[in-house]
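Text of data_35.txt, listed as compact mmCIF, N, CA and C atoms and all ligand atoms:
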# COMPACT_ATOMS: atom_id res chain seq x y z
N MET Y 1 111.71 79.98 131.66
CA MET Y 1 113.02 79.34 131.46
C MET Y 1 113.58 79.70 130.09
N SER Y 2 114.82 80.09 130.11
CA SER Y 2 115.48 80.42 128.85
C SER Y 2 115.95 79.15 128.16
N GLN Y 3 115.59 79.01 126.91
CA GLN Y 3 116.03 77.85 126.16
C GLN Y 3 116.88 78.26 124.96
N MET Y 4 117.29 79.51 124.96
CA MET Y 4 118.08 79.98 123.84
C MET Y 4 119.57 79.91 124.17
N THR Y 5 120.36 79.60 123.15
CA THR Y 5 121.80 79.54 123.35
C THR Y 5 122.40 80.94 123.27
N LYS Y 6 123.64 81.03 123.74
CA LYS Y 6 124.35 82.32 123.67
C LYS Y 6 124.40 82.82 122.25
N ASN Y 7 124.64 81.90 121.33
CA ASN Y 7 124.75 82.27 119.93
C ASN Y 7 123.43 82.84 119.41
N GLU Y 8 122.31 82.23 119.86
CA GLU Y 8 121.01 82.73 119.41
C GLU Y 8 120.71 84.11 119.99
N PHE Y 9 121.07 84.29 121.26
CA PHE Y 9 120.92 85.62 121.86
C PHE Y 9 121.74 86.65 121.08
N ALA Y 10 122.94 86.23 120.67
CA ALA Y 10 123.82 87.14 119.92
C ALA Y 10 123.18 87.53 118.60
N GLN Y 11 122.48 86.57 117.97
CA GLN Y 11 121.79 86.89 116.70
C GLN Y 11 120.71 87.93 116.92
N VAL Y 12 119.95 87.77 118.01
CA VAL Y 12 118.88 88.72 118.31
C VAL Y 12 119.48 90.09 118.62
N GLU Y 13 120.59 90.08 119.38
CA GLU Y 13 121.23 91.34 119.73
C GLU Y 13 121.71 92.06 118.47
N MET Y 14 122.23 91.29 117.52
CA MET Y 14 122.71 91.90 116.28
C MET Y 14 121.56 92.57 115.54
N LYS Y 15 120.40 91.88 115.49
CA LYS Y 15 119.21 92.45 114.84
C LYS Y 15 118.80 93.76 115.52
N LEU Y 16 118.83 93.74 116.86
CA LEU Y 16 118.44 94.93 117.62
C LEU Y 16 119.40 96.08 117.31
N ARG Y 17 120.68 95.78 117.25
CA ARG Y 17 121.66 96.85 117.01
C ARG Y 17 121.55 97.38 115.58
N GLU Y 18 121.23 96.49 114.62
CA GLU Y 18 121.01 96.94 113.24
C GLU Y 18 119.85 97.93 113.19
N ARG Y 19 118.75 97.57 113.89
CA ARG Y 19 117.56 98.41 113.91
C ARG Y 19 117.86 99.73 114.62
N GLN Y 20 118.64 99.64 115.70
CA GLN Y 20 119.02 100.83 116.45
C GLN Y 20 119.80 101.79 115.56
N SER Y 21 120.76 101.25 114.80
CA SER Y 21 121.56 102.09 113.91
C SER Y 21 120.68 102.74 112.85
N ALA Y 22 119.75 101.95 112.29
CA ALA Y 22 118.87 102.46 111.25
C ALA Y 22 118.01 103.61 111.80
N LEU Y 23 117.51 103.43 113.02
CA LEU Y 23 116.68 104.46 113.63
C LEU Y 23 117.49 105.73 113.89
N LEU Y 24 118.71 105.55 114.37
CA LEU Y 24 119.55 106.72 114.64
C LEU Y 24 119.87 107.46 113.35
N GLU Y 25 120.03 106.70 112.27
CA GLU Y 25 120.28 107.32 110.98
C GLU Y 25 119.06 108.13 110.55
N GLU Y 26 117.86 107.57 110.76
CA GLU Y 26 116.62 108.30 110.46
C GLU Y 26 116.55 109.60 111.24
N VAL Y 27 116.89 109.51 112.52
CA VAL Y 27 116.84 110.69 113.38
C VAL Y 27 117.83 111.73 112.86
N ARG Y 28 119.03 111.25 112.53
CA ARG Y 28 120.06 112.16 112.06
C ARG Y 28 119.62 112.88 110.78
N LYS Y 29 119.00 112.11 109.85
CA LYS Y 29 118.52 112.71 108.60
C LYS Y 29 117.43 113.74 108.88
N GLU Y 30 116.53 113.36 109.77
CA GLU Y 30 115.43 114.26 110.13
C GLU Y 30 115.98 115.58 110.66
N LEU Y 31 116.98 115.49 111.50
CA LEU Y 31 117.57 116.70 112.07
C LEU Y 31 118.33 117.49 111.01
N ASP Y 32 118.98 116.77 110.12
CA ASP Y 32 119.79 117.41 109.08
C ASP Y 32 118.94 118.29 108.17
N GLN Y 33 117.73 117.74 107.82
CA GLN Y 33 116.88 118.41 106.85
C GLN Y 33 116.33 119.74 107.37
N ARG Y 34 116.22 119.83 108.65
CA ARG Y 34 115.50 120.97 109.21
C ARG Y 34 116.45 122.01 109.78
N GLU Y 35 115.92 122.67 110.76
CA GLU Y 35 116.67 123.81 111.30
C GLU Y 35 117.65 123.38 112.39
N ASN Y 36 117.73 122.07 112.59
CA ASN Y 36 118.49 121.61 113.76
C ASN Y 36 119.84 121.02 113.40
N GLN Y 37 120.51 121.64 112.47
CA GLN Y 37 121.81 121.10 112.08
C GLN Y 37 122.74 120.98 113.27
N HIS Y 38 122.62 121.89 114.20
CA HIS Y 38 123.53 121.82 115.34
C HIS Y 38 123.24 120.58 116.18
N LEU Y 39 121.96 120.19 116.25
CA LEU Y 39 121.63 118.96 116.97
C LEU Y 39 122.20 117.74 116.26
N ALA Y 40 122.11 117.78 114.92
CA ALA Y 40 122.66 116.68 114.14
C ALA Y 40 124.15 116.52 114.41
N SER Y 41 124.82 117.64 114.50
CA SER Y 41 126.26 117.55 114.75
C SER Y 41 126.52 117.09 116.18
N VAL Y 42 125.65 117.49 117.09
CA VAL Y 42 125.79 117.04 118.48
C VAL Y 42 125.67 115.52 118.56
N MET Y 43 124.83 114.96 117.66
CA MET Y 43 124.64 113.51 117.69
C MET Y 43 125.93 112.76 117.43
N GLY Y 44 126.84 113.40 116.71
CA GLY Y 44 128.13 112.78 116.49
C GLY Y 44 128.88 112.56 117.79
N ASN Y 45 128.50 113.34 118.82
CA ASN Y 45 129.15 113.22 120.12
C ASN Y 45 128.25 112.56 121.15
N HIS Y 46 127.21 111.86 120.67
CA HIS Y 46 126.28 111.28 121.63
C HIS Y 46 127.01 110.26 122.51
N PRO Y 47 126.48 110.06 123.71
CA PRO Y 47 127.19 109.22 124.69
C PRO Y 47 127.27 107.75 124.30
N GLY Y 48 126.56 107.35 123.25
CA GLY Y 48 126.65 105.95 122.85
C GLY Y 48 125.87 105.05 123.77
N ASP Y 49 125.97 103.77 123.56
CA ASP Y 49 125.19 102.87 124.41
C ASP Y 49 126.13 102.10 125.33
N SER Y 50 126.92 102.84 126.05
CA SER Y 50 127.85 102.23 127.00
C SER Y 50 127.09 101.52 128.11
N GLY Y 51 125.78 101.74 128.18
CA GLY Y 51 124.99 101.10 129.22
C GLY Y 51 124.58 102.09 130.29
N ASP Y 52 125.34 103.18 130.44
CA ASP Y 52 125.04 104.16 131.48
C ASP Y 52 123.97 105.14 131.02
N VAL Y 53 124.04 105.50 129.75
CA VAL Y 53 123.14 106.52 129.25
C VAL Y 53 122.25 105.93 128.17
N SER Y 54 120.95 106.14 128.31
CA SER Y 54 120.01 105.67 127.31
C SER Y 54 119.97 106.66 126.15
N LEU Y 55 120.18 106.14 124.94
CA LEU Y 55 120.09 107.00 123.76
C LEU Y 55 118.70 107.60 123.62
N ALA Y 56 117.70 106.76 123.92
CA ALA Y 56 116.32 107.22 123.80
C ALA Y 56 116.06 108.37 124.77
N ASP Y 57 116.54 108.21 126.01
CA ASP Y 57 116.36 109.27 126.99
C ASP Y 57 117.07 110.53 126.56
N TRP Y 58 118.27 110.31 126.03
CA TRP Y 58 119.08 111.45 125.61
C TRP Y 58 118.36 112.22 124.52
N LEU Y 59 117.77 111.50 123.55
CA LEU Y 59 117.04 112.17 122.47
C LEU Y 59 115.76 112.82 123.00
N ALA Y 60 115.10 112.12 123.92
CA ALA Y 60 113.87 112.66 124.49
C ALA Y 60 114.16 113.96 125.23
N ASP Y 61 115.31 114.02 125.89
CA ASP Y 61 115.71 115.24 126.60
C ASP Y 61 115.84 116.42 125.66
N LEU Y 62 116.19 116.13 124.41
CA LEU Y 62 116.31 117.21 123.44
C LEU Y 62 114.94 117.73 123.03
N ASN Y 63 113.90 116.94 123.37
CA ASN Y 63 112.53 117.38 123.16
C ASN Y 63 112.23 117.67 121.69
N ILE Y 64 112.54 116.71 120.84
CA ILE Y 64 112.28 116.86 119.42
C ILE Y 64 111.06 116.01 119.07
N LEU Y 65 109.92 116.64 118.94
CA LEU Y 65 108.68 115.89 118.74
C LEU Y 65 108.68 115.12 117.43
N ARG Y 66 109.38 115.63 116.44
CA ARG Y 66 109.38 114.98 115.13
C ARG Y 66 109.90 113.56 115.18
N VAL Y 67 110.77 113.28 116.12
CA VAL Y 67 111.38 111.95 116.15
C VAL Y 67 110.80 111.09 117.27
N ASP Y 68 109.57 111.42 117.68
CA ASP Y 68 108.89 110.66 118.74
C ASP Y 68 108.79 109.17 118.45
N ARG Y 69 108.38 108.85 117.21
CA ARG Y 69 108.22 107.44 116.86
C ARG Y 69 109.54 106.69 117.00
N GLN Y 70 110.61 107.31 116.50
CA GLN Y 70 111.92 106.68 116.58
C GLN Y 70 112.36 106.52 118.04
N ILE Y 71 112.04 107.53 118.86
CA ILE Y 71 112.42 107.47 120.28
C ILE Y 71 111.69 106.31 120.95
N ARG Y 72 110.39 106.16 120.62
CA ARG Y 72 109.62 105.05 121.21
C ARG Y 72 110.25 103.72 120.84
N GLU Y 73 110.60 103.58 119.57
CA GLU Y 73 111.17 102.30 119.14
C GLU Y 73 112.56 102.09 119.73
N LEU Y 74 113.32 103.18 119.87
CA LEU Y 74 114.64 103.06 120.50
C LEU Y 74 114.51 102.57 121.94
N ARG Y 75 113.46 103.06 122.63
CA ARG Y 75 113.22 102.60 124.00
C ARG Y 75 112.94 101.10 124.04
N GLU Y 76 112.10 100.65 123.09
CA GLU Y 76 111.80 99.22 123.01
C GLU Y 76 113.08 98.41 122.78
N ILE Y 77 113.92 98.95 121.90
CA ILE Y 77 115.18 98.25 121.60
C ILE Y 77 116.07 98.19 122.83
N GLU Y 78 116.13 99.31 123.57
CA GLU Y 78 116.98 99.34 124.76
C GLU Y 78 116.46 98.37 125.82
N THR Y 79 115.12 98.32 125.96
CA THR Y 79 114.52 97.36 126.90
C THR Y 79 114.92 95.95 126.51
N LYS Y 80 114.82 95.68 125.21
CA LYS Y 80 115.10 94.33 124.72
C LYS Y 80 116.59 93.99 124.87
N LEU Y 81 117.45 94.97 124.62
CA LEU Y 81 118.89 94.72 124.78
C LEU Y 81 119.22 94.39 126.24
N ALA Y 82 118.53 95.06 127.17
CA ALA Y 82 118.75 94.76 128.59
C ALA Y 82 118.31 93.33 128.88
N GLN Y 83 117.20 92.90 128.25
CA GLN Y 83 116.72 91.54 128.45
C GLN Y 83 117.69 90.52 127.84
N VAL Y 84 118.32 90.91 126.73
CA VAL Y 84 119.32 90.02 126.14
C VAL Y 84 120.46 89.81 127.14
N ARG Y 85 120.89 90.91 127.79
CA ARG Y 85 121.97 90.80 128.77
C ARG Y 85 121.56 89.93 129.95
N GLU Y 86 120.27 90.03 130.35
CA GLU Y 86 119.79 89.26 131.49
C GLU Y 86 119.43 87.83 131.10
N GLY Y 87 119.39 87.57 129.79
CA GLY Y 87 119.03 86.25 129.32
C GLY Y 87 117.53 85.98 129.35
N THR Y 88 116.72 87.04 129.37
CA THR Y 88 115.27 86.86 129.40
C THR Y 88 114.61 87.37 128.12
N ALA Y 89 115.41 87.66 127.11
CA ALA Y 89 114.86 88.29 125.90
C ALA Y 89 113.87 87.40 125.17
N ASN Y 90 113.92 86.11 125.41
CA ASN Y 90 113.01 85.22 124.68
C ASN Y 90 111.81 84.80 125.52
N GLU Y 91 111.61 85.47 126.67
CA GLU Y 91 110.46 85.11 127.50
C GLU Y 91 109.29 86.04 127.23
N CYS Y 92 108.13 85.46 127.01
CA CYS Y 92 106.91 86.23 126.81
C CYS Y 92 106.57 86.98 128.10
N VAL Y 93 106.30 88.29 128.00
CA VAL Y 93 106.00 89.07 129.21
C VAL Y 93 104.67 88.66 129.83
N ASP Y 94 103.80 88.04 129.05
CA ASP Y 94 102.49 87.65 129.57
C ASP Y 94 102.50 86.26 130.19
N CYS Y 95 103.02 85.27 129.47
CA CYS Y 95 102.91 83.89 129.96
C CYS Y 95 104.26 83.29 130.35
N GLY Y 96 105.37 83.97 130.03
CA GLY Y 96 106.68 83.47 130.45
C GLY Y 96 107.24 82.35 129.59
N LYS Y 97 106.46 81.94 128.59
CA LYS Y 97 106.95 80.89 127.70
C LYS Y 97 107.93 81.48 126.68
N PRO Y 98 108.76 80.63 126.06
CA PRO Y 98 109.71 81.15 125.07
C PRO Y 98 108.99 81.77 123.87
N ILE Y 99 109.49 82.90 123.42
CA ILE Y 99 108.90 83.58 122.27
C ILE Y 99 109.27 82.87 120.97
N GLY Y 100 110.45 82.30 120.91
CA GLY Y 100 110.87 81.60 119.70
C GLY Y 100 111.86 82.43 118.89
N LEU Y 101 112.94 81.77 118.49
CA LEU Y 101 114.02 82.49 117.82
C LEU Y 101 113.57 83.12 116.50
N GLN Y 102 112.79 82.36 115.69
CA GLN Y 102 112.39 82.88 114.38
C GLN Y 102 111.58 84.16 114.53
N ARG Y 103 110.68 84.16 115.52
CA ARG Y 103 109.86 85.35 115.75
C ARG Y 103 110.73 86.52 116.20
N LEU Y 104 111.69 86.24 117.07
CA LEU Y 104 112.56 87.31 117.57
C LEU Y 104 113.44 87.88 116.45
N LEU Y 105 113.85 87.01 115.54
CA LEU Y 105 114.69 87.51 114.44
C LEU Y 105 113.86 88.34 113.48
N ALA Y 106 112.58 87.96 113.32
CA ALA Y 106 111.69 88.72 112.44
C ALA Y 106 111.23 90.01 113.11
N TYR Y 107 110.95 89.93 114.42
CA TYR Y 107 110.51 91.10 115.20
C TYR Y 107 111.37 91.19 116.45
N PRO Y 108 112.56 91.77 116.32
CA PRO Y 108 113.52 91.73 117.45
C PRO Y 108 112.99 92.37 118.73
N THR Y 109 112.00 93.26 118.62
CA THR Y 109 111.50 93.89 119.85
C THR Y 109 110.23 93.21 120.37
N ALA Y 110 109.88 92.03 119.82
CA ALA Y 110 108.68 91.32 120.26
C ALA Y 110 108.76 91.02 121.76
N MET Y 111 107.69 91.37 122.48
CA MET Y 111 107.66 91.14 123.93
C MET Y 111 106.79 89.93 124.29
N ARG Y 112 105.99 89.47 123.32
CA ARG Y 112 105.05 88.38 123.61
C ARG Y 112 105.21 87.23 122.62
N CYS Y 113 104.81 86.05 123.04
CA CYS Y 113 104.75 84.93 122.12
C CYS Y 113 103.57 85.16 121.16
N VAL Y 114 103.51 84.38 120.10
CA VAL Y 114 102.48 84.60 119.09
C VAL Y 114 101.08 84.53 119.69
N ALA Y 115 100.85 83.53 120.54
CA ALA Y 115 99.52 83.33 121.14
C ALA Y 115 99.11 84.55 121.95
N CYS Y 116 100.03 85.03 122.81
CA CYS Y 116 99.70 86.18 123.66
C CYS Y 116 99.57 87.46 122.84
N GLN Y 117 100.37 87.59 121.79
CA GLN Y 117 100.28 88.78 120.95
C GLN Y 117 98.91 88.84 120.28
N GLU Y 118 98.43 87.67 119.82
CA GLU Y 118 97.11 87.65 119.17
C GLU Y 118 96.02 88.03 120.16
N LYS Y 119 96.13 87.49 121.38
CA LYS Y 119 95.17 87.84 122.43
C LYS Y 119 95.20 89.33 122.71
N HIS Y 120 96.44 89.85 122.85
CA HIS Y 120 96.66 91.26 123.14
C HIS Y 120 96.01 92.13 122.08
N GLU Y 121 96.26 91.80 120.80
CA GLU Y 121 95.72 92.60 119.72
C GLU Y 121 94.21 92.47 119.65
N HIS Y 122 93.72 91.29 119.98
CA HIS Y 122 92.29 91.06 119.98
C HIS Y 122 91.61 91.96 121.01
N ILE Y 123 92.21 92.02 122.21
CA ILE Y 123 91.65 92.83 123.28
C ILE Y 123 91.61 94.30 122.85
N TYR Y 124 92.73 94.75 122.23
CA TYR Y 124 92.79 96.15 121.83
C TYR Y 124 91.87 96.44 120.65
N ALA Y 125 91.73 95.47 119.74
CA ALA Y 125 90.93 95.68 118.54
C ALA Y 125 89.43 95.60 118.87
N HIS Y 126 89.09 94.72 119.85
CA HIS Y 126 87.67 94.47 120.10
C HIS Y 126 87.29 94.77 121.54
N GLY Y 127 88.13 95.58 122.18
CA GLY Y 127 87.91 95.87 123.60
C GLY Y 127 86.55 96.49 123.88
N ALA Y 128 85.98 97.16 122.87
CA ALA Y 128 84.70 97.84 123.09
C ALA Y 128 83.52 96.87 123.00
N HIS Y 129 83.79 95.61 122.69
CA HIS Y 129 82.70 94.64 122.54
C HIS Y 129 82.91 93.44 123.46
N PRO Y 130 82.73 93.63 124.77
CA PRO Y 130 82.92 92.49 125.67
C PRO Y 130 81.82 91.46 125.49
N GLY Y 131 82.04 90.28 126.00
CA GLY Y 131 81.03 89.25 125.92
C GLY Y 131 81.37 88.20 124.90
N LEU Y 132 82.44 88.38 124.16
CA LEU Y 132 82.82 87.35 123.19
C LEU Y 132 83.55 86.22 123.87
ZN ZN Y 201 102.85 84.27 125.86

Encoded form (structure tokens):
Amino acid sequence: MSQMTKNEFAQVEMKLRERQSALLEEVRKELDQRENQHLASVMGNHPGDSGDVSLADWLADLNILRVDRQIRELREIETKLAQVREGTANECVDCGKPIGLQRLLAYPTAMRCVACQEKHEHIYAHGAHPGL
């Protein structure tokens, strides 16, 4: 169940878009520095986030390995933006409970509540030692 107001969703969306812009700027700088100036200029004509075209997909199609990390994070942001539109951005993917506004503002791409995130990290950190 969503317990966040429209205004709170808007705050999370703003954080996501800020992060998205910052990442795109990183990508643009990365391309500028290297041999791909033409790609950097192409980015000026990118399709934008009208909703039809994923920026992350578009960048991935260019097959630029250097910006892999940014592409991964852009995908997370796009997933989260879609959840904002659906009104599910504050639901934990594991338990369905609200993630909490403060956590979302601190980590706009958070997919889990604090409890589930700790469990998740525990499993990944100590997965080789079952029996605990
Ligand atoms: Zn949870």

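Compared by their closest atoms to Gln3 in chain Y, and using only N, CA and C atoms, the residues Y:Asn90, Y:Gln20, Y:Arg85, Y:Leu31 rank with Y:Asn90 nearest.
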
For this session: In Å, rounded to a single decimal, give me how far CA of Leu23 in chain Y is from CA of Leu74 in chain Y.
Result: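 It comes out at 7.3 Å.
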
Problem set entry | Ile77 in chain Y surroundings by all atoms listed in the file, 7 Å radius, close-in-sequence under 5 positions cut, as a VMD selection string | chain Y and resid 16 20 72 82 108 to 109

For this session: Could I get the residue neighbourhood of ligand ZN 201 (chain Y) at 7 Å, counting all atoms listed in the file, as a list in words?
Result: Glu91, Cys92, Val93, Asp94, Cys95, Gly96, Lys97, Pro98, Arg112, Cys113, Val114, Ala115, Cys116 and Gln117 of chain Y

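In this model, the gap between atom C of Ala110 in chain Y and atom C of Ser54 in chain Y comes to 19.7 Å.
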
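Atom N of Asp68 in chain Y lies 9.7 Å from atom C of Glu26 in chain Y.
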